[in-house]
>>> print(open('structure.csv').read())   # CSV, C-alpha atoms
chain,number,residue,atom,x,y,z
Z,1,GLY,CA,8.9,18.7,-7.9
Z,2,VAL,CA,9.2,22.3,-7.0
Z,3,GLU,CA,5.7,23.1,-8.3
Z,4,LEU,CA,4.2,20.4,-6.0
Z,5,ARG,CA,6.0,21.8,-3.0
Z,6,ASP,CA,4.9,25.3,-3.8
Z,7,LEU,CA,1.3,24.1,-4.2
Z,8,ARG,CA,1.5,22.3,-0.9
Z,9,GLU,CA,2.7,25.4,0.8
Z,10,LEU,CA,-0.1,27.4,-0.8
Z,11,PHE,CA,-2.8,25.1,0.4
Z,12,GLY,CA,-1.0,24.8,3.8
Z,13,LYS,CA,-1.5,28.5,4.4
Z,14,SER,CA,-5.3,27.8,4.1
Z,15,LYS,CA,-4.9,25.3,7.0
Z,16,LEU,CA,-5.7,22.3,4.6
Z,17,ALA,CA,-3.9,19.0,5.3
Z,18,ILE,CA,-1.8,18.3,2.2
Z,19,LYS,CA,0.1,15.1,1.4
Z,20,ILE,CA,2.2,14.6,-1.7
Z,21,SER,CA,1.9,11.0,-2.8
Z,22,GLU,CA,4.3,9.1,-5.1
Z,23,ASP,CA,1.6,6.6,-6.0
Z,24,VAL,CA,-1.4,8.6,-7.2
Z,25,LYS,CA,-3.2,5.6,-8.6
Z,26,ALA,CA,-3.2,3.9,-5.2
Z,27,VAL,CA,-4.7,7.0,-3.6
Z,28,LEU,CA,-7.4,7.3,-6.4
Z,29,TRP,CA,-8.2,3.6,-6.0
Z,30,SER,CA,-8.7,3.8,-2.3
Z,31,LYS,CA,-10.8,6.9,-2.6
Z,32,LEU,CA,-12.9,5.2,-5.3
Z,33,VAL,CA,-13.5,2.1,-3.2
Z,34,ILE,CA,-14.4,4.0,-0.1
Z,35,SER,CA,-16.6,6.4,-2.0
Z,36,ALA,CA,-18.4,3.6,-3.9
Z,37,GLY,CA,-19.0,1.6,-0.7
Z,38,ILE,CA,-20.4,4.6,1.2
Z,39,ASN,CA,-22.1,6.7,-1.4
Z,40,ALA,CA,-23.9,3.8,-3.1
Z,41,LEU,CA,-25.2,2.5,0.2
Z,42,SER,CA,-26.2,6.0,1.3
Z,43,ALA,CA,-28.2,6.5,-1.9
Z,44,VAL,CA,-30.0,3.1,-1.7
Z,45,THR,CA,-30.8,3.2,2.0
Z,46,ARG,CA,-31.4,7.0,2.1
Z,47,LEU,CA,-29.2,7.1,5.2
Z,48,LYS,CA,-26.6,9.7,6.0
Z,49,ASN,CA,-23.0,8.5,5.8
Z,50,GLY,CA,-22.6,8.6,9.6
Z,51,ARG,CA,-25.6,6.4,10.2
Z,52,LEU,CA,-24.6,3.6,7.8
Z,53,ILE,CA,-22.7,1.8,10.6
Z,54,GLU,CA,-25.8,2.0,12.8
Z,55,CYS,CA,-27.7,-0.2,10.4
Z,56,GLU,CA,-26.6,-3.8,10.7
Z,57,GLY,CA,-27.4,-4.7,7.0
Z,58,ALA,CA,-25.7,-1.6,5.6
Z,59,TYR,CA,-22.7,-2.0,7.9
Z,60,LYS,CA,-22.2,-5.6,6.8
Z,61,ILE,CA,-22.2,-4.6,3.1
Z,62,LEU,CA,-19.9,-1.6,3.8
Z,63,ARG,CA,-17.4,-3.8,5.7
Z,64,GLU,CA,-17.4,-6.5,3.1
Z,65,ALA,CA,-16.8,-4.0,0.3
Z,66,ILE,CA,-13.8,-2.5,2.0
Z,67,THR,CA,-12.5,-5.9,3.1
Z,68,GLU,CA,-12.7,-7.2,-0.4
Z,69,ALA,CA,-10.8,-4.1,-1.7
Z,70,VAL,CA,-8.1,-4.7,0.8
Z,71,ARG,CA,-7.8,-8.4,-0.4
Z,72,VAL,CA,-7.6,-7.2,-4.0
Z,73,ASP,CA,-5.0,-4.5,-3.3
Z,74,PRO,CA,-3.4,-5.3,0.1
Z,75,GLU,CA,-0.7,-2.7,-0.5
Z,76,THR,CA,-3.0,0.2,-0.4
Z,77,ILE,CA,-2.5,1.8,3.0
Z,78,GLU,CA,-5.5,4.1,3.0
Z,79,LEU,CA,-7.9,1.1,2.7
Z,80,HIS,CA,-6.3,-0.4,5.8
Z,81,PHE,CA,-6.9,2.9,7.7
Z,82,ALA,CA,-10.4,3.1,6.5
Z,83,LEU,CA,-11.1,-0.5,7.5
Z,84,GLY,CA,-9.5,-0.1,10.9
Z,85,ASN,CA,-11.4,3.1,11.7
Z,86,LEU,CA,-14.6,1.5,10.6
Z,87,PHE,CA,-14.1,-1.4,13.0
Z,88,ARG,CA,-13.4,1.0,15.8
Z,89,ARG,CA,-16.4,3.2,15.2
Z,90,ARG,CA,-18.5,0.0,15.2
Z,91,GLY,CA,-17.0,-1.2,18.5
Z,92,GLU,CA,-15.1,-4.1,17.0
Z,93,PHE,CA,-11.9,-3.1,18.8
Z,94,GLU,CA,-10.0,-6.4,18.4
Z,95,ARG,CA,-10.4,-6.2,14.6
Z,96,ALA,CA,-9.3,-2.5,14.6
Z,97,VAL,CA,-6.2,-3.4,16.7
Z,98,ARG,CA,-5.2,-6.2,14.3
Z,99,VAL,CA,-5.5,-3.9,11.3
Z,100,HIS,CA,-3.4,-1.1,12.8
Z,101,GLN,CA,-0.9,-3.5,14.2
Z,102,HIS,CA,-0.5,-5.0,10.7
Z,103,LEU,CA,0.1,-1.6,9.3
Z,104,LEU,CA,2.8,-0.9,11.9
Z,105,SER,CA,4.5,-4.2,11.0
Z,106,ARG,CA,5.0,-3.1,7.4
Z,107,ALA,CA,8.5,-2.2,6.4
Z,108,ASP,CA,7.4,0.1,3.6
Z,109,LEU,CA,5.3,2.4,5.8
Z,110,SER,CA,6.4,6.1,5.7
Z,111,SER,CA,7.3,7.9,8.9
Z,112,ALA,CA,4.1,9.9,8.8
Z,113,ASP,CA,1.9,6.9,8.1
Z,114,ARG,CA,3.7,5.0,10.9
Z,115,ASP,CA,2.9,7.8,13.4
Z,116,ARG,CA,-0.7,7.8,12.0
Z,117,ALA,CA,-1.0,4.1,12.6
Z,118,GLN,CA,0.4,4.4,16.1
Z,119,HIS,CA,-2.1,7.1,16.9
Z,120,ALA,CA,-4.9,4.9,15.5
Z,121,LEU,CA,-3.8,2.0,17.6
Z,122,ALA,CA,-3.7,4.1,20.7
Z,123,LEU,CA,-7.3,5.2,20.0
Z,124,ASP,CA,-8.3,1.5,19.6
Z,125,PHE,CA,-7.0,0.7,23.0
Z,126,LEU,CA,-8.5,3.9,24.5
Z,127,LYS,CA,-12.0,3.3,23.1
Z,128,ALA,CA,-11.8,-0.4,24.3
Z,129,GLY,CA,-11.0,0.8,27.8
Z,130,LEU,CA,-7.5,-0.8,27.8
Z,131,LEU,CA,-5.9,2.1,29.5
Z,132,ASP,CA,-2.5,0.6,30.2
Z,133,ARG,CA,-2.0,-0.4,26.6
Z,134,ALA,CA,-3.4,3.0,25.5
Z,135,GLU,CA,-0.9,4.8,27.7
Z,136,ASP,CA,2.0,2.8,26.3
Z,137,ALA,CA,0.8,3.5,22.7
Z,138,LEU,CA,0.3,7.2,23.3
Z,139,SER,CA,3.7,7.6,24.9
Z,140,LYS,CA,5.3,6.5,21.7
Z,141,LEU,CA,3.8,9.6,19.9
Z,142,ALA,CA,6.1,12.1,21.6
Z,143,GLY,CA,7.8,14.3,19.0
Z,144,THR,CA,5.3,13.5,16.3
Z,145,ALA,CA,2.5,15.5,14.7
Z,146,HIS,CA,0.1,13.6,17.0
Z,147,GLU,CA,1.8,14.6,20.2
Z,148,ALA,CA,-0.7,17.2,21.2
Z,149,GLN,CA,-3.6,14.8,20.9
Z,150,ALA,CA,-1.6,12.2,22.7
Z,151,LEU,CA,-0.9,14.4,25.6
Z,152,LEU,CA,-4.6,15.3,26.0
Z,153,ALA,CA,-5.5,11.6,25.8
Z,154,LEU,CA,-2.9,10.8,28.5
Z,155,LEU,CA,-4.2,13.6,30.7
Z,156,SER,CA,-7.7,12.1,30.4
Z,157,ILE,CA,-6.3,8.6,31.3
Z,158,TYR,CA,-4.5,9.9,34.4
Z,159,GLU,CA,-7.6,11.8,35.5
Z,160,ARG,CA,-9.8,8.7,35.1
Z,161,SER,CA,-7.3,6.6,37.1
Z,162,ARG,CA,-6.6,9.5,39.5
Z,163,ASP,CA,-2.9,9.4,38.9
Z,164,TRP,CA,-2.2,13.0,39.7
Z,165,PRO,CA,1.6,12.9,39.7
Z,166,LYS,CA,1.6,11.8,36.0
Z,167,ALA,CA,-1.2,14.3,35.3
Z,168,CYS,CA,0.9,17.1,36.7
Z,169,LYS,CA,3.9,16.0,34.7
Z,170,ASP,CA,2.0,15.9,31.4
Z,171,PHE,CA,0.3,19.1,32.2
Z,172,ARG,CA,3.6,20.9,32.5
Z,173,VAL,CA,4.9,19.2,29.3
Z,174,SER,CA,1.8,20.4,27.4
Z,175,ALA,CA,2.2,24.0,28.6
Z,176,SER,CA,6.0,24.1,27.8
Z,177,ARG,CA,5.5,22.8,24.3
Z,178,CYS,CA,2.7,25.1,23.3
Z,179,ARG,CA,3.4,26.7,19.9
Z,180,LYS,CA,0.1,28.4,19.0
Z,181,PRO,CA,-2.5,30.0,21.3
Z,182,ILE,CA,-5.2,27.4,20.7
Z,183,TRP,CA,-6.7,26.5,24.0
Z,184,SER,CA,-8.4,23.2,24.7
Z,185,LEU,CA,-11.9,23.1,26.2
Z,186,TRP,CA,-10.7,20.2,28.3
Z,187,THR,CA,-9.9,21.4,31.8
Z,188,LEU,CA,-7.8,19.6,34.4
Z,189,SER,CA,-10.1,18.5,37.3
Z,190,LEU,CA,-7.8,17.5,40.1
Z,191,ALA,CA,-8.6,15.9,43.5
Z,192,ARG,CA,-7.6,17.6,46.7
Z,193,PRO,CA,-3.9,16.8,47.3
Z,194,THR,CA,-3.3,14.3,50.1
Z,195,GLU,CA,0.3,15.5,50.6
Z,196,PRO,CA,0.4,19.3,50.4
Z,197,SER,CA,4.1,19.4,51.1
Z,198,SER,CA,5.0,17.4,47.9
Z,199,ASP,CA,6.0,19.3,44.8
Z,200,CYS,CA,3.6,17.4,42.6
Z,201,ALA,CA,0.7,17.9,45.0
Z,202,MET,CA,1.3,21.6,44.9
Z,203,GLN,CA,1.5,21.5,41.1
Z,204,ALA,CA,-1.9,19.7,41.1
Z,205,SER,CA,-3.4,22.3,43.3
Z,206,CYS,CA,-2.2,25.1,41.2
Z,207,ALA,CA,-3.3,23.5,38.0
Z,208,ARG,CA,-7.0,23.2,39.1
Z,209,GLY,CA,-9.2,24.8,36.6
Z,210,CYS,CA,-6.4,25.7,34.1
Z,211,THR,CA,-6.7,24.9,30.5
Z,212,VAL,CA,-4.2,22.9,28.5
Z,213,CYS,CA,-2.5,24.6,25.6
Z,214,VAL,CA,-2.3,22.5,22.4
Z,215,TRP,CA,-1.5,23.1,18.8
>>> encode(input="structure.csv", output="structure tokens")
Amino acid sequence: GVELRDLRELFGKSKLAIKISEDVKAVLWSKLVISAGINALSAVTRLKNGRLIECEGAYKILREAITEAVRVDPETIELHFALGNLFRRRGEFERAVRVHQHLLSRADLSSADRDRAQHALALDFLKAGLLDRAEDALSKLAGTAHEAQALLALLSIYERSRDWPKACKDFRVSASRCRKPIWSLWTLSLARPTEPSSDCAMQASCARGCTVCVW
């Protein structure tokens, strides 16, 4: 309703990420499962949340708890995201990919969640070192809320593969689409151009040491 939209705008002014859900029970259920799995283990093991996945026994219990919750309520999207991200953090990239690909195959996924799943899948490929597949997944995020992060990730890929023409192209795209003066600490470190006469080589030379503008 109008009240919810007004409340979302109010919180939005505080830079808080707000999402209006039409299924509050599903959101509460997913939060409960994740909280129960993490907080209970943290209390028993006396480990901080971030270290739970470092302990083999704690990680196994945490994974089984979330996996069981997904089996009980397979329609809850947040649980799938939690499970996929858990797999990626643990280095189980094949499992993470399967989870996020399953999400993308769902016809009931909202546009925002579909973009979120696409971004998560791209991160799976990137963390696994599958740069070609990561590049393809990241390119599909153009025009979405994840475009800025995708462009930075693509620039990183092109730098690692020393593909300076593509790096120059994405650098110009990043600069042209800047909406707010938030500057990335990531700087473009470019090799000495081998063809000084080429337009892209000149762009690469000029871009040395410049920061990429993101929002």
>>> atom_distance(input="structure.csv", atom1="CA of Ala69 (chain Z)", atom2="CA of Ser30 (chain Z)")
8.2 Å
>>> atom_distance(input="structure.csv", atom1="CA of Leu155 (chain Z)", atom2="CA of Arg88 (chain Z)")
21.6 Å
>>> closest_residue(input="structure.csv", among="Z:Leu7, Z:Ala128, Z:Leu109, Z:Val27", to="Asp73 (chain Z)", atoms="all atoms listed in the file")
Z:Val27
>>> closest_residue(input="structure.csv", among="Z:Lys25, Z:Arg95, Z:Arg90, Z:Lys19", to="Leu4 (chain Z)", atoms="all atoms listed in the file")
Z:Lys19
>>> residues_around(input="structure.csv", residues="region 111-124 of chain Z", least_positions_apart="5", cutoff="9 Å", atoms="only C-alpha atoms", output="number ranges by chain")
Z: 77, 81, 84-85, 88, 93-94, 96-101, 103-104, 106, 129-130, 133-138, 140-141, 144-146, 149-150, 153
>>> write_last_selection(input="structure.csv", atoms="C-alpha atoms", output="CSV table (one decimal), keeping the file's coordinate frame")
chain,number,residue,atom,x,y,z
Z,77,ILE,CA,-2.5,1.8,3.0
Z,81,PHE,CA,-6.9,2.9,7.7
Z,84,GLY,CA,-9.5,-0.1,10.9
Z,85,ASN,CA,-11.4,3.1,11.7
Z,88,ARG,CA,-13.4,1.0,15.8
Z,93,PHE,CA,-11.9,-3.1,18.8
Z,94,GLU,CA,-10.0,-6.4,18.4
Z,96,ALA,CA,-9.3,-2.5,14.6
Z,97,VAL,CA,-6.2,-3.4,16.7
Z,98,ARG,CA,-5.2,-6.2,14.3
Z,99,VAL,CA,-5.5,-3.9,11.3
Z,100,HIS,CA,-3.4,-1.1,12.8
Z,101,GLN,CA,-0.9,-3.5,14.2
Z,103,LEU,CA,0.1,-1.6,9.3
Z,104,LEU,CA,2.8,-0.9,11.9
Z,106,ARG,CA,5.0,-3.1,7.4
Z,129,GLY,CA,-11.0,0.8,27.8
Z,130,LEU,CA,-7.5,-0.8,27.8
Z,133,ARG,CA,-2.0,-0.4,26.6
Z,134,ALA,CA,-3.4,3.0,25.5
Z,135,GLU,CA,-0.9,4.8,27.7
Z,136,ASP,CA,2.0,2.8,26.3
Z,137,ALA,CA,0.8,3.5,22.7
Z,138,LEU,CA,0.3,7.2,23.3
Z,140,LYS,CA,5.3,6.5,21.7
Z,141,LEU,CA,3.8,9.6,19.9
Z,144,THR,CA,5.3,13.5,16.3
Z,145,ALA,CA,2.5,15.5,14.7
Z,146,HIS,CA,0.1,13.6,17.0
Z,149,GLN,CA,-3.6,14.8,20.9
Z,150,ALA,CA,-1.6,12.2,22.7
Z,153,ALA,CA,-5.5,11.6,25.8
>>> atom_distance(input="structure.csv", atom1="CA of Ala142 (chain Z)", atom2="CA of Val173 (chain Z)")
10.5 Å
>>> decode(input="structure.csv", residues="region 120-137 of chain Z", atoms="N, CA, C and O atoms", output="tab-separated table (two decimals), in the first residue's frame")
chain	number	residue	atom	x	y	z
Z	120	ALA	N	25.07	-13.62	-8.41
Z	120	ALA	CA	25.65	-14.67	-7.55
Z	120	ALA	C	26.32	-15.75	-8.40
Z	120	ALA	O	27.40	-16.24	-8.05
Z	121	LEU	N	25.69	-16.11	-9.51
Z	121	LEU	CA	26.28	-17.11	-10.40
Z	121	LEU	C	27.60	-16.61	-10.99
Z	121	LEU	O	28.58	-17.37	-11.09
Z	122	ALA	N	27.62	-15.34	-11.36
Z	122	ALA	CA	28.86	-14.75	-11.90
Z	122	ALA	C	29.97	-14.81	-10.86
Z	122	ALA	O	31.13	-15.11	-11.19
Z	123	LEU	N	29.64	-14.55	-9.60
Z	123	LEU	CA	30.63	-14.61	-8.54
Z	123	LEU	C	31.13	-16.03	-8.33
Z	123	LEU	O	32.31	-16.24	-8.03
Z	124	ASP	N	30.22	-17.01	-8.49
Z	124	ASP	CA	30.64	-18.42	-8.38
Z	124	ASP	C	31.72	-18.73	-9.41
Z	124	ASP	O	32.77	-19.31	-9.07
Z	125	PHE	N	31.47	-18.35	-10.65
Z	125	PHE	CA	32.43	-18.61	-11.72
Z	125	PHE	C	33.74	-17.86	-11.48
Z	125	PHE	O	34.83	-18.38	-11.72
Z	126	LEU	N	33.61	-16.61	-11.02
Z	126	LEU	CA	34.79	-15.77	-10.80
Z	126	LEU	C	35.67	-16.36	-9.70
Z	126	LEU	O	36.89	-16.47	-9.86
Z	127	LYS	N	35.05	-16.76	-8.60
Z	127	LYS	CA	35.80	-17.34	-7.48
Z	127	LYS	C	36.42	-18.68	-7.88
Z	127	LYS	O	37.48	-19.05	-7.36
Z	128	ALA	N	35.76	-19.40	-8.78
Z	128	ALA	CA	36.27	-20.70	-9.21
Z	128	ALA	C	37.37	-20.56	-10.26
Z	128	ALA	O	37.99	-21.56	-10.64
Z	129	GLY	N	37.61	-19.34	-10.73
Z	129	GLY	CA	38.64	-19.11	-11.74
Z	129	GLY	C	38.19	-19.41	-13.15
Z	129	GLY	O	39.02	-19.49	-14.07
Z	130	LEU	N	36.88	-19.58	-13.35
Z	130	LEU	CA	36.33	-19.84	-14.69
Z	130	LEU	C	36.03	-18.50	-15.34
Z	130	LEU	O	34.87	-18.05	-15.40
Z	131	LEU	N	37.06	-17.84	-15.83
Z	131	LEU	CA	36.93	-16.45	-16.26
Z	131	LEU	C	36.02	-16.28	-17.48
Z	131	LEU	O	35.30	-15.28	-17.57
Z	132	ASP	N	36.05	-17.22	-18.42
Z	132	ASP	CA	35.20	-17.10	-19.61
Z	132	ASP	C	33.72	-17.14	-19.22
Z	132	ASP	O	32.91	-16.34	-19.70
Z	133	ARG	N	33.38	-18.08	-18.34
Z	133	ARG	CA	31.99	-18.20	-17.90
Z	133	ARG	C	31.60	-17.03	-17.00
Z	133	ARG	O	30.45	-16.57	-17.04
Z	134	ALA	N	32.55	-16.54	-16.23
Z	134	ALA	CA	32.28	-15.38	-15.38
Z	134	ALA	C	32.01	-14.14	-16.25
Z	134	ALA	O	31.09	-13.37	-15.99
Z	135	GLU	N	32.81	-13.98	-17.30
Z	135	GLU	CA	32.63	-12.84	-18.21
Z	135	GLU	C	31.25	-12.88	-18.86
Z	135	GLU	O	30.56	-11.85	-18.96
Z	136	ASP	N	30.85	-14.06	-19.30
Z	136	ASP	CA	29.53	-14.19	-19.93
Z	136	ASP	C	28.42	-13.87	-18.94
Z	136	ASP	O	27.46	-13.17	-19.28
Z	137	ALA	N	28.55	-14.36	-17.71
Z	137	ALA	CA	27.52	-14.12	-16.70
Z	137	ALA	C	27.47	-12.65	-16.29
Z	137	ALA	O	26.39	-12.08	-16.11
